>>> print(open('protein_20.cif').read())   # mmCIF, C-alpha atoms and all ligand atoms
data_run
#
loop_
_atom_site.label_atom_id
_atom_site.label_comp_id
_atom_site.auth_asym_id
_atom_site.auth_seq_id
_atom_site.Cartn_x
_atom_site.Cartn_y
_atom_site.Cartn_z
CA MET A 1 -23.05 27.17 -20.62
CA ASP A 2 -22.10 30.76 -21.26
CA VAL A 3 -19.83 30.95 -18.22
CA LYS A 4 -16.20 30.34 -19.11
CA ARG A 5 -13.28 29.80 -16.78
CA GLY A 6 -11.47 32.76 -18.25
CA SER A 7 -14.33 35.12 -17.42
CA PHE A 8 -13.60 34.81 -13.70
CA PRO A 9 -11.37 37.40 -12.09
CA GLN A 10 -9.31 34.97 -9.94
CA MET A 11 -9.55 31.19 -9.77
CA ASN A 12 -7.86 30.99 -6.38
CA GLU A 13 -10.02 33.48 -4.56
CA PRO A 14 -12.74 32.21 -2.24
CA ILE A 15 -16.26 32.21 -3.59
CA ILE A 16 -17.63 30.78 -0.31
CA SER A 17 -16.37 31.67 3.19
CA LEU A 18 -17.65 30.25 6.46
CA ALA A 19 -16.60 31.77 9.79
CA GLY A 20 -17.77 30.02 12.95
CA LEU A 21 -20.98 28.97 11.22
CA THR A 22 -23.27 27.25 13.74
CA LYS A 23 -26.81 25.90 13.65
CA SER A 24 -28.45 24.56 16.81
CA TYR A 25 -31.79 22.85 17.20
CA GLY A 26 -32.52 23.03 20.93
CA ASN A 27 -29.59 21.28 22.61
CA LEU A 28 -28.40 19.69 19.38
CA CYS A 29 -25.54 21.43 17.60
CA ALA A 30 -26.25 20.25 14.03
CA VAL A 31 -23.40 22.38 12.64
CA CYS A 32 -20.76 23.59 15.10
CA ASP A 33 -18.37 26.46 14.57
CA LEU A 34 -17.61 25.66 10.95
CA SER A 35 -14.89 27.75 9.32
CA LEU A 36 -13.60 27.10 5.81
CA GLU A 37 -13.14 28.67 2.41
CA ILE A 38 -13.90 27.28 -1.02
CA ASN A 39 -12.14 28.76 -4.01
CA ARG A 40 -13.69 29.43 -7.39
CA GLY A 41 -13.56 26.52 -9.75
CA GLU A 42 -13.28 23.85 -7.04
CA ILE A 43 -15.31 20.68 -6.90
CA PHE A 44 -15.69 20.60 -3.13
CA GLY A 45 -16.90 17.27 -1.73
CA PHE A 46 -18.57 17.41 1.67
CA LEU A 47 -18.42 14.00 3.39
CA GLY A 48 -19.95 12.78 6.59
CA ALA A 49 -22.12 10.04 8.04
CA ASN A 50 -25.91 10.39 8.18
CA GLY A 51 -26.78 13.27 10.46
CA ALA A 52 -23.30 14.83 10.33
CA GLY A 53 -24.78 18.21 9.35
CA LYS A 54 -24.09 18.34 5.60
CA THR A 55 -27.63 19.25 4.51
CA THR A 56 -27.97 21.79 7.32
CA THR A 57 -24.76 23.49 6.19
CA MET A 58 -25.93 23.54 2.59
CA ARG A 59 -29.35 24.91 3.56
CA MET A 60 -27.69 27.75 5.47
CA LEU A 61 -25.49 28.54 2.48
CA CYS A 62 -28.58 28.63 0.27
CA GLY A 63 -30.36 31.04 2.63
CA LEU A 64 -32.97 28.42 3.57
CA ALA A 65 -31.98 28.13 7.24
CA ARG A 66 -30.82 30.97 9.46
CA PRO A 67 -27.45 30.44 11.18
CA THR A 68 -27.69 30.44 14.98
CA THR A 69 -24.29 32.12 15.23
CA GLY A 70 -21.34 32.76 12.94
CA ARG A 71 -21.60 33.77 9.33
CA ALA A 72 -21.13 32.61 5.78
CA THR A 73 -20.69 34.61 2.61
CA ILE A 74 -20.97 33.95 -1.12
CA GLU A 75 -18.89 36.40 -3.17
CA GLY A 76 -18.57 38.46 0.01
CA ALA A 77 -22.34 38.79 0.59
CA ASP A 78 -23.87 37.41 3.79
CA VAL A 79 -25.91 34.31 2.90
CA TRP A 80 -28.74 35.17 5.28
CA GLN A 81 -28.87 38.98 5.03
CA LYS A 82 -28.57 38.93 1.24
CA ARG A 83 -30.43 35.68 0.62
CA ARG A 84 -32.83 37.10 -1.94
CA ALA A 85 -30.16 38.85 -3.98
CA LEU A 86 -27.93 35.78 -3.82
CA ARG A 87 -30.52 33.38 -5.28
CA VAL A 88 -29.40 34.07 -8.83
CA LYS A 89 -25.78 33.28 -7.94
CA PHE A 90 -26.30 29.59 -7.33
CA GLY A 91 -28.28 26.54 -8.33
CA TYR A 92 -29.47 24.13 -5.64
CA MET A 93 -30.32 20.49 -6.16
CA ALA A 94 -31.97 19.26 -2.98
CA GLN A 95 -31.70 15.71 -1.69
CA LYS A 96 -35.41 15.11 -2.03
CA PHE A 97 -37.32 15.26 -5.29
CA SER A 98 -37.72 18.99 -5.94
CA LEU A 99 -39.51 18.79 -9.29
CA TYR A 100 -43.20 19.03 -10.12
CA PRO A 101 -44.17 15.42 -10.88
CA ASP A 102 -47.30 16.32 -12.89
CA LEU A 103 -45.46 18.75 -15.15
CA THR A 104 -43.49 17.47 -18.13
CA VAL A 105 -39.73 17.72 -18.42
CA LEU A 106 -40.09 20.80 -20.60
CA GLU A 107 -42.64 22.41 -18.30
CA ASN A 108 -40.43 21.89 -15.28
CA LEU A 109 -37.49 23.55 -17.04
CA ARG A 110 -39.72 26.44 -18.15
CA PHE A 111 -41.13 26.80 -14.64
CA PHE A 112 -37.66 27.10 -13.07
CA ALA A 113 -36.50 29.41 -15.85
CA GLY A 114 -39.50 31.65 -15.11
CA ALA A 115 -38.88 31.54 -11.35
CA TYR A 116 -35.29 32.66 -11.95
CA ARG A 117 -36.43 35.33 -14.41
CA VAL A 118 -34.49 33.98 -17.37
CA PRO A 119 -35.27 36.43 -20.21
CA ARG A 120 -37.88 34.99 -22.61
CA ARG A 121 -35.68 35.50 -25.66
CA LYS A 122 -32.96 33.32 -24.10
CA MET A 123 -35.15 30.74 -22.43
CA GLU A 124 -35.98 28.31 -25.26
CA ALA A 125 -32.44 28.07 -26.64
CA ARG A 126 -31.06 27.53 -23.15
CA ILE A 127 -33.62 24.81 -22.38
CA GLU A 128 -32.82 23.03 -25.65
CA ARG A 129 -29.14 23.09 -24.71
CA LEU A 130 -29.88 21.65 -21.27
CA LEU A 131 -32.14 18.94 -22.74
CA ALA A 132 -29.27 17.90 -25.01
CA GLN A 133 -26.70 18.10 -22.20
CA MET A 134 -28.87 15.98 -19.88
CA ASP A 135 -29.75 13.57 -22.70
CA LEU A 136 -33.46 14.23 -22.10
CA GLN A 137 -34.63 15.40 -25.54
CA ALA A 138 -36.70 12.28 -26.17
CA LYS A 139 -38.41 12.73 -22.80
CA ARG A 140 -39.33 16.39 -23.16
CA ASN A 141 -43.08 15.68 -23.06
CA THR A 142 -42.94 13.02 -20.33
CA ALA A 143 -44.27 13.88 -16.88
CA ALA A 144 -41.36 14.25 -14.44
CA GLY A 145 -43.07 11.82 -12.06
CA SER A 146 -42.86 9.07 -14.72
CA LEU A 147 -39.12 9.38 -15.29
CA SER A 148 -36.64 6.83 -13.96
CA GLY A 149 -34.68 7.88 -10.86
CA GLY A 150 -31.58 8.66 -12.91
CA MET A 151 -33.47 10.80 -15.41
CA ARG A 152 -35.16 12.70 -12.58
CA GLN A 153 -31.79 13.50 -11.06
CA LEU A 154 -30.58 14.77 -14.43
CA LEU A 155 -33.71 16.89 -14.83
CA ALA A 156 -33.24 18.28 -11.30
CA LEU A 157 -29.67 19.20 -12.25
CA GLY A 158 -30.95 20.84 -15.46
CA CYS A 159 -33.46 22.89 -13.43
CA ALA A 160 -30.69 23.98 -11.03
CA LEU A 161 -28.64 25.17 -14.01
CA VAL A 162 -31.35 26.95 -16.01
CA HIS A 163 -30.30 30.45 -14.88
CA GLU A 164 -26.61 29.67 -15.55
CA PRO A 165 -25.31 30.23 -12.02
CA PRO A 166 -21.57 30.35 -11.27
CA LEU A 167 -22.07 28.12 -8.21
CA LEU A 168 -23.89 24.82 -7.73
CA PHE A 169 -24.99 23.17 -4.49
CA LEU A 170 -25.74 19.47 -4.96
CA ASP A 171 -27.05 17.42 -2.04
CA GLU A 172 -26.28 13.76 -2.78
CA PRO A 173 -26.94 14.09 -6.51
CA THR A 174 -26.08 10.45 -7.19
CA SER A 175 -27.89 8.77 -4.32
CA GLY A 176 -29.85 5.80 -5.59
CA LEU A 177 -28.31 5.90 -9.08
CA ASP A 178 -26.85 2.86 -10.79
CA PRO A 179 -23.13 2.98 -11.74
CA VAL A 180 -23.88 4.03 -15.34
CA HIS A 181 -26.02 7.01 -14.29
CA ARG A 182 -23.54 7.90 -11.54
CA GLN A 183 -20.81 8.05 -14.17
CA GLN A 184 -23.06 10.13 -16.44
CA MET A 185 -23.76 12.56 -13.60
CA TRP A 186 -20.03 12.92 -12.83
CA ASP A 187 -19.18 13.43 -16.50
CA LEU A 188 -21.65 16.30 -16.46
CA LEU A 189 -20.17 17.73 -13.28
CA TYR A 190 -16.71 17.67 -14.86
CA ASP A 191 -18.08 19.49 -17.92
CA LEU A 192 -19.64 22.11 -15.66
CA SER A 193 -16.46 22.47 -13.65
CA HIS A 194 -14.48 22.80 -16.87
CA ASN A 195 -16.78 25.66 -17.80
CA GLY A 196 -15.86 27.48 -14.60
CA ILE A 197 -18.72 26.52 -12.30
CA THR A 198 -17.83 25.98 -8.65
CA ILE A 199 -19.47 22.84 -7.28
CA PHE A 200 -20.29 22.07 -3.64
CA VAL A 201 -21.44 18.47 -3.46
CA THR A 202 -22.34 16.12 -0.61
CA THR A 203 -21.86 12.42 -1.06
CA HIS A 204 -21.64 9.15 0.82
CA TYR A 205 -19.63 7.45 -1.91
CA MET A 206 -15.89 7.39 -1.23
CA ASP A 207 -15.02 6.87 -4.90
CA GLU A 208 -16.80 10.16 -5.56
CA ALA A 209 -14.68 11.86 -2.92
CA GLU A 210 -11.67 10.85 -5.03
CA ARG A 211 -13.12 12.82 -7.94
CA CYS A 212 -13.30 16.10 -6.00
CA THR A 213 -10.55 18.71 -6.05
CA GLU A 214 -11.09 19.40 -2.33
CA VAL A 215 -12.78 17.35 0.35
CA GLY A 216 -14.12 18.27 3.78
CA PHE A 217 -14.88 15.64 6.45
CA LEU A 218 -17.76 16.55 8.74
CA HIS A 219 -18.43 14.58 11.93
CA GLU A 220 -21.22 15.41 14.37
CA GLY A 221 -21.38 18.96 13.06
CA ARG A 222 -17.64 19.60 13.25
CA LEU A 223 -15.08 19.82 10.47
CA LEU A 224 -12.39 17.18 10.98
CA ALA A 225 -10.25 17.99 7.96
CA LYS A 226 -10.27 19.79 4.63
CA ALA A 227 -7.75 19.29 1.86
CA SER A 228 -7.33 17.68 -1.55
CA PRO A 229 -7.80 13.89 -1.68
CA ARG A 230 -4.07 13.47 -2.34
CA THR A 231 -3.12 15.61 0.68
CA LEU A 232 -5.60 13.82 2.92
CA LYS A 233 -4.20 10.45 1.89
CA GLY A 234 -0.73 11.82 2.59
CA THR A 235 -1.70 12.43 6.24
CA PHE A 236 -2.16 8.68 6.72
CA LYS A 237 1.19 7.98 8.38
CA ALA A 238 0.72 4.38 9.57
CA LYS A 239 1.26 1.45 7.22
CA LEU A 240 -1.95 -0.25 6.19
CA LEU A 241 -1.91 -4.01 6.49
CA GLU A 242 -4.16 -6.21 4.39
CA LEU A 243 -4.72 -9.87 5.26
CA ASP A 244 -6.26 -12.82 3.44
CA VAL A 245 -7.72 -14.98 6.16
CA LYS A 246 -10.18 -17.81 6.48
CA PRO A 247 -12.93 -17.73 7.66
CA ALA A 248 -12.97 -13.98 7.01
CA MET A 249 -15.99 -13.03 9.13
CA ASP A 250 -14.70 -14.86 12.22
CA ALA A 251 -11.33 -13.19 11.73
CA LEU A 252 -13.00 -9.78 11.45
CA VAL A 253 -14.64 -10.22 14.86
CA ARG A 254 -11.53 -11.63 16.57
CA LEU A 255 -9.09 -9.09 15.14
CA ARG A 256 -11.30 -6.14 16.11
CA GLU A 257 -10.83 -7.16 19.75
CA ALA A 258 -7.09 -7.84 19.49
CA PRO A 259 -4.62 -5.53 21.29
CA GLY A 260 -2.90 -2.89 19.16
CA ILE A 261 -5.74 -2.82 16.60
CA LEU A 262 -8.01 0.22 16.33
CA GLY A 263 -10.33 -1.20 13.70
CA VAL A 264 -10.74 -3.73 10.89
CA SER A 265 -12.69 -3.46 7.65
CA LEU A 266 -13.59 -6.01 5.01
CA ARG A 267 -12.53 -5.12 1.47
CA SER A 268 -13.13 -7.46 -1.49
CA GLY A 269 -12.79 -10.47 0.80
CA SER A 270 -9.58 -9.22 2.50
CA LEU A 271 -9.26 -7.54 5.88
CA ARG A 272 -7.74 -4.08 6.30
CA ILE A 273 -6.13 -3.61 9.68
CA TYR A 274 -6.07 -0.13 11.21
CA ALA A 275 -3.15 -0.30 13.63
CA PRO A 276 -0.62 2.45 14.48
CA GLU A 277 2.22 -0.11 14.83
CA ALA A 278 1.26 -2.46 12.01
CA GLU A 279 4.86 -3.50 11.25
CA THR A 280 5.47 -4.64 14.84
CA LEU A 281 2.13 -6.41 14.84
CA LEU A 282 2.94 -8.28 11.64
CA ALA A 283 6.42 -9.24 12.91
CA ASP A 284 4.79 -10.67 16.08
CA TRP A 285 2.24 -12.60 14.02
CA GLN A 286 4.96 -13.99 11.77
CA ARG A 287 6.72 -15.32 14.89
CA ARG A 288 3.50 -16.65 16.39
CA TRP A 289 0.00 -16.42 14.90
CA PRO A 290 -2.30 -16.17 17.96
CA PHE A 291 -5.59 -17.29 16.39
CA PRO A 292 -5.44 -21.08 15.91
CA GLU A 293 -9.02 -21.25 14.58
CA ILE A 294 -8.19 -18.77 11.76
CA SER A 295 -5.87 -19.47 8.82
CA LEU A 296 -3.60 -16.66 7.69
CA LEU A 297 -3.24 -17.18 3.92
CA ALA A 298 -1.42 -14.03 2.81
CA GLU A 299 -0.48 -10.54 3.92
CA ARG A 300 0.46 -7.37 2.04
CA TRP A 301 0.80 -3.61 2.49
CA ALA A 302 -2.01 -1.56 0.96
CA GLU A 303 -2.18 2.05 -0.22
CA PRO A 304 -4.79 3.94 1.80
CA ASP A 305 -7.74 5.21 -0.23
CA MET A 306 -10.33 7.81 0.73
CA GLU A 307 -12.43 5.24 2.54
CA ASP A 308 -9.48 4.39 4.80
CA VAL A 309 -8.75 8.06 5.38
CA PHE A 310 -12.38 8.89 6.14
CA THR A 311 -12.59 5.91 8.53
CA ALA A 312 -9.44 7.01 10.35
CA TYR A 313 -10.64 10.63 10.72
CA SER A 314 -14.23 9.85 11.66
CA GLN A 315 -13.35 7.01 14.06
CA GLY A 316 -10.66 9.09 15.75
CA TYR A 317 -7.69 6.85 14.82
CA ASP A 318 -5.42 9.83 15.46
CA ALA A 319 -2.35 7.67 16.13
CA MET A 320 -2.42 6.71 12.42
CA LEU A 321 -2.64 10.29 11.15
CA ASN A 322 -0.31 13.22 10.77
CA LYS A 323 -2.90 15.96 11.17
CA ASP A 324 -0.23 18.67 11.42
CA ALA A 325 0.31 18.31 7.67
CA ILE A 326 -3.05 19.98 6.96
CA ARG A 327 -3.14 22.57 9.74
P1 LIG A 401 -27.74 12.76 5.74
O1 LIG A 401 -26.46 12.24 5.16
O2 LIG A 401 -28.53 11.69 6.44
O3 LIG A 401 -28.55 13.58 4.80
P2 LIG A 401 -26.70 15.20 7.00
O4 LIG A 401 -25.23 15.12 7.22
O5 LIG A 401 -27.16 15.94 5.81
O6 LIG A 401 -27.31 13.72 7.00
P3 LIG A 401 -28.42 16.93 8.51
O7 LIG A 401 -29.66 16.60 7.73
O8 LIG A 401 -27.80 18.24 8.27
O9 LIG A 401 -27.33 15.79 8.32
O10 LIG A 401 -28.78 16.79 10.06
C1 LIG A 401 -27.85 17.10 11.08
C2 LIG A 401 -28.54 16.93 12.42
O11 LIG A 401 -29.49 17.97 12.61
C3 LIG A 401 -29.30 15.61 12.57
O12 LIG A 401 -29.15 15.16 13.90
C4 LIG A 401 -30.74 16.02 12.30
O13 LIG A 401 -31.64 15.16 12.99
C5 LIG A 401 -30.79 17.43 12.89
N1 LIG A 401 -31.77 18.29 12.20
C6 LIG A 401 -31.76 18.66 10.91
N2 LIG A 401 -32.80 19.47 10.64
C7 LIG A 401 -33.48 19.61 11.80
C8 LIG A 401 -34.67 20.33 12.19
N3 LIG A 401 -35.33 21.08 11.31
N4 LIG A 401 -35.06 20.24 13.47
C9 LIG A 401 -34.38 19.52 14.37
N5 LIG A 401 -33.25 18.80 14.08
C10 LIG A 401 -32.82 18.85 12.82
#
>>> encode(input="protein_20.cif", output="structure tokens")
Amino acid sequence: MDVKRGSFPQMNEPIISLAGLTKSYGNLCAVCDLSLEINRGEIFGFLGANGAGKTTTMRMLCGLARPTTGRATIEGADVWQKRRALRVKFGYMAQKFSLYPDLTVLENLRFFAGAYRVPRRKMEARIERLLAQMDLQAKRNTAAGSLSGGMRQLLALGCALVHEPPLLFLDEPTSGLDPVHRQQMWDLLYDLSHNGITIFVTTHYMDEAERCTEVGFLHEGRLLAKASPRTLKGTFKAKLLELDVKPAMDALVRLREAPGILGVSLRSGSLRIYAPEAETLLADWQRRWPFPEISLLAERWAEPDMEDVFTAYSQGYDAMLNKDAIR
């Protein structure tokens, strides 16, 4: 990549700004009154359940869907009004296969380079660099439709980068990839970020949320929180209790219905208890364990991870959170 961190005027100035951005389909508010800023150089992770509005937001930012109300800008330019001029500013990797399956790897890269008007004298060298970066040299003459899922995702990323944009929109770039290819994709994203590219990425994987510099939680079209993973974890004010119990599945069902418990999740065979007063609960259980059919084998306090934090925000476990810390 030619773009270097140092070539940017200010790392902490917003490259993307959303102000009351809204998209409605009939009565459905797919994205509701979304306001946030993303600074240059961030890896911004956009998290939400299926249907939360992540793709709709990204499509508006890419000028592919017109906002119903509100506005968004990239480098100060309105994403809808200036959509044609803005196309060169970003690369977009859509969730669905966006390549031409009958064209080879090389032909796909050349096609996208042509569409983005990459000068001919620069095109071949740039494509060779991308082939090396994506580890696709040996596949240059293979039809895109015959590539494995992981290789296709890498080629799609290469095509999104062929015009060397300062900003990348990636819609679930690792969905369906095995752990090795997921790691390879993230290594590439870190390289790109290191070279000064701002990355806006949607994901369902909570371990990927940990790798982002900033994370936004979207729920039913609304932004629940936006901060760094460390800050978000810091807003988890309740203690998180983990239990080893037997039989675990019976315990999961019983504990979910127990008073004082907001939710329970199964993690590597142990149960995580979401309860605002977990210490009181544990003290009561140590005096008298109320589930004779379930054996309590061990208990410990756990550090909340992004999955716990996302669960608490999206399920509305507000009594466990100190939301004022990120306002
Ligand atoms: P996923 O993780 O499943 O990709 P998402 O968070 O990206 O979900 P969106 O695809 O943005 O969610 O969808 C948000 C809501 O808007 C959903 O209820 C969806 O059905 C609805 N929606 C999206 N596009 C349209 C459309 N063109 N017409 C009508 N409804 C739509």
>>> residues_near_ligand(input="protein_20.cif", ligand="ligand LIG 401 (chain A)", cutoff="6 Å", atoms="all atoms listed in the file", output="PyMOL selection string")
chain A and resi 25+30+48-56
>>> closest_residue(input="protein_20.cif", among="A:Leu47, A:Cys212, A:Ala251, A:Met60", to="Tyr313 in chain A", atoms="only C-alpha atoms")
A:Leu47
>>> closest_residue(input="protein_20.cif", among="A:Ile38, A:Ala209, A:Leu21, A:Leu223", to="Arg66 in chain A", atoms="only C-alpha atoms")
A:Leu21
>>> axis_aligned_box(input="protein_20.cif", around="range 218-222 of chain A", padding_each_side="5 Å", output="lines of an AutoDock Vina configuration file")
center_x = -19.5
center_y = 17.1
center_z = 11.6
size_x = 13.7
size_y = 15.0
size_z = 15.6
>>> closest_residue(input="protein_20.cif", among="A:Met320, A:Leu189, A:Leu296, A:Ile199", to="Ala238 in chain A", atoms="only C-alpha atoms")
A:Met320
>>> residues_around(input="protein_20.cif", residues="Arg129 in chain A", least_positions_apart="2", cutoff="12 Å", atoms="all atoms listed in the file", output="list in words")
Met1, Asp2, Leu106, Leu109, Lys122, Met123, Glu124, Ala125, Arg126, Ile127, Leu131, Ala132, Gln133, Met134, Asp135, Leu136, Gln137, Gly158, Leu161, Val162 and Glu164 of chain A
>>> closest_residue(input="protein_20.cif", among="A:Leu192, A:Met93, A:Met151, A:Ala19", to="Asp178 in chain A", atoms="only C-alpha atoms")
A:Met151
>>> atom_distance(input="protein_20.cif", atom1="CA of Ala319 in chain A", atom2="CA of Ala227 in chain A")
19.2 Å
>>> residues_near_point(input="protein_20.cif", point="(-26.4, 33.5, -4.4)", cutoff="9 Å", atoms="all atoms listed in the file", output="ChimeraX atom specification")
/A:61-63,74-75,77,79,82-91,165-167
>>> atom_distance(input="protein_20.cif", atom1="CA of Tyr317 in chain A", atom2="CA of Glu220 in chain A")
16.0 Å
>>> residues_around(input="protein_20.cif", residues="Met58 in chain A", least_positions_apart="4", cutoff="10 Å", atoms="only C-alpha atoms", output="PDB file with C-alpha atoms, in the frame of the given file")
ATOM      1  CA  PHE A  46     -18.570  17.410   1.670  1.00  0.00           C
ATOM      2  CA  GLY A  53     -24.780  18.210   9.350  1.00  0.00           C
ATOM      3  CA  LYS A  54     -24.090  18.340   5.600  1.00  0.00           C
ATOM      4  CA  CYS A  62     -28.580  28.630   0.270  1.00  0.00           C
ATOM      5  CA  GLY A  63     -30.360  31.040   2.630  1.00  0.00           C
ATOM      6  CA  LEU A  64     -32.970  28.420   3.570  1.00  0.00           C
ATOM      7  CA  ALA A  65     -31.980  28.130   7.240  1.00  0.00           C
ATOM      8  CA  TYR A  92     -29.470  24.130  -5.640  1.00  0.00           C
ATOM      9  CA  ALA A  94     -31.970  19.260  -2.980  1.00  0.00           C
ATOM     10  CA  PHE A 169     -24.990  23.170  -4.490  1.00  0.00           C
ATOM     11  CA  LEU A 170     -25.740  19.470  -4.960  1.00  0.00           C
ATOM     12  CA  ASP A 171     -27.050  17.420  -2.040  1.00  0.00           C
ATOM     13  CA  PHE A 200     -20.290  22.070  -3.640  1.00  0.00           C
ATOM     14  CA  VAL A 201     -21.440  18.470  -3.460  1.00  0.00           C
ATOM     15  CA  THR A 202     -22.340  16.120  -0.610  1.00  0.00           C
TER      16      THR A 202
END
>>> atom_distance(input="protein_20.cif", atom1="CA of Pro14 in chain A", atom2="CA of Thr57 in chain A")
17.1 Å
>>> residues_around(input="protein_20.cif", residues="Val105 in chain A", least_positions_apart="4", cutoff="12 Å", atoms="all atoms listed in the file", output="number ranges by chain")
A: 99-101, 109-112, 127-128, 130-131, 134-147, 151-159
>>> closest_residue(input="protein_20.cif", among="A:Val215, A:Val245, A:Leu232, A:Leu297", to="Leu36 in chain A", atoms="only C-alpha atoms")
A:Val215
>>> residues_around(input="protein_20.cif", residues="Arg327 in chain A", least_positions_apart="6", cutoff="12 Å", atoms="all atoms listed in the file", output="JSON, numbers by chain")
{"A": [224, 225, 226, 227, 231, 232, 235]}
>>> residues_around(input="protein_20.cif", residues="Leu243 in chain A", least_positions_apart="3", cutoff="12 Å", atoms="only C-alpha atoms", output="PDB file with C-alpha atoms, in the coordinates of the input")
ATOM      1  CA  LEU A 240      -1.950  -0.250   6.190  1.00  0.00           C
ATOM      2  CA  LYS A 246     -10.180 -17.810   6.480  1.00  0.00           C
ATOM      3  CA  PRO A 247     -12.930 -17.730   7.660  1.00  0.00           C
ATOM      4  CA  ALA A 248     -12.970 -13.980   7.010  1.00  0.00           C
ATOM      5  CA  ALA A 251     -11.330 -13.190  11.730  1.00  0.00           C
ATOM      6  CA  LEU A 252     -13.000  -9.780  11.450  1.00  0.00           C
ATOM      7  CA  LEU A 255      -9.090  -9.090  15.140  1.00  0.00           C
ATOM      8  CA  VAL A 264     -10.740  -3.730  10.890  1.00  0.00           C
ATOM      9  CA  SER A 265     -12.690  -3.460   7.650  1.00  0.00           C
ATOM     10  CA  LEU A 266     -13.590  -6.010   5.010  1.00  0.00           C
ATOM     11  CA  ARG A 267     -12.530  -5.120   1.470  1.00  0.00           C
ATOM     12  CA  SER A 268     -13.130  -7.460  -1.490  1.00  0.00           C
ATOM     13  CA  GLY A 269     -12.790 -10.470   0.800  1.00  0.00           C
ATOM     14  CA  SER A 270      -9.580  -9.220   2.500  1.00  0.00           C
ATOM     15  CA  LEU A 271      -9.260  -7.540   5.880  1.00  0.00           C
ATOM     16  CA  ARG A 272      -7.740  -4.080   6.300  1.00  0.00           C
ATOM     17  CA  ILE A 273      -6.130  -3.610   9.680  1.00  0.00           C
ATOM     18  CA  TYR A 274      -6.070  -0.130  11.210  1.00  0.00           C
ATOM     19  CA  ALA A 278       1.260  -2.460  12.010  1.00  0.00           C
ATOM     20  CA  LEU A 282       2.940  -8.280  11.640  1.00  0.00           C
ATOM     21  CA  TRP A 285       2.240 -12.600  14.020  1.00  0.00           C
ATOM     22  CA  ILE A 294      -8.190 -18.770  11.760  1.00  0.00           C
ATOM     23  CA  SER A 295      -5.870 -19.470   8.820  1.00  0.00           C
ATOM     24  CA  LEU A 296      -3.600 -16.660   7.690  1.00  0.00           C
ATOM     25  CA  LEU A 297      -3.240 -17.180   3.920  1.00  0.00           C
ATOM     26  CA  ALA A 298      -1.420 -14.030   2.810  1.00  0.00           C
ATOM     27  CA  GLU A 299      -0.480 -10.540   3.920  1.00  0.00           C
ATOM     28  CA  ARG A 300       0.460  -7.370   2.040  1.00  0.00           C
ATOM     29  CA  TRP A 301       0.800  -3.610   2.490  1.00  0.00           C
ATOM     30  CA  ALA A 302      -2.010  -1.560   0.960  1.00  0.00           C
TER      31      ALA A 302
END
>>> closest_residue(input="protein_20.cif", among="A:His204, A:Arg288, A:Arg256, A:Arg230", to="Ala325 in chain A", atoms="all atoms listed in the file")
A:Arg230
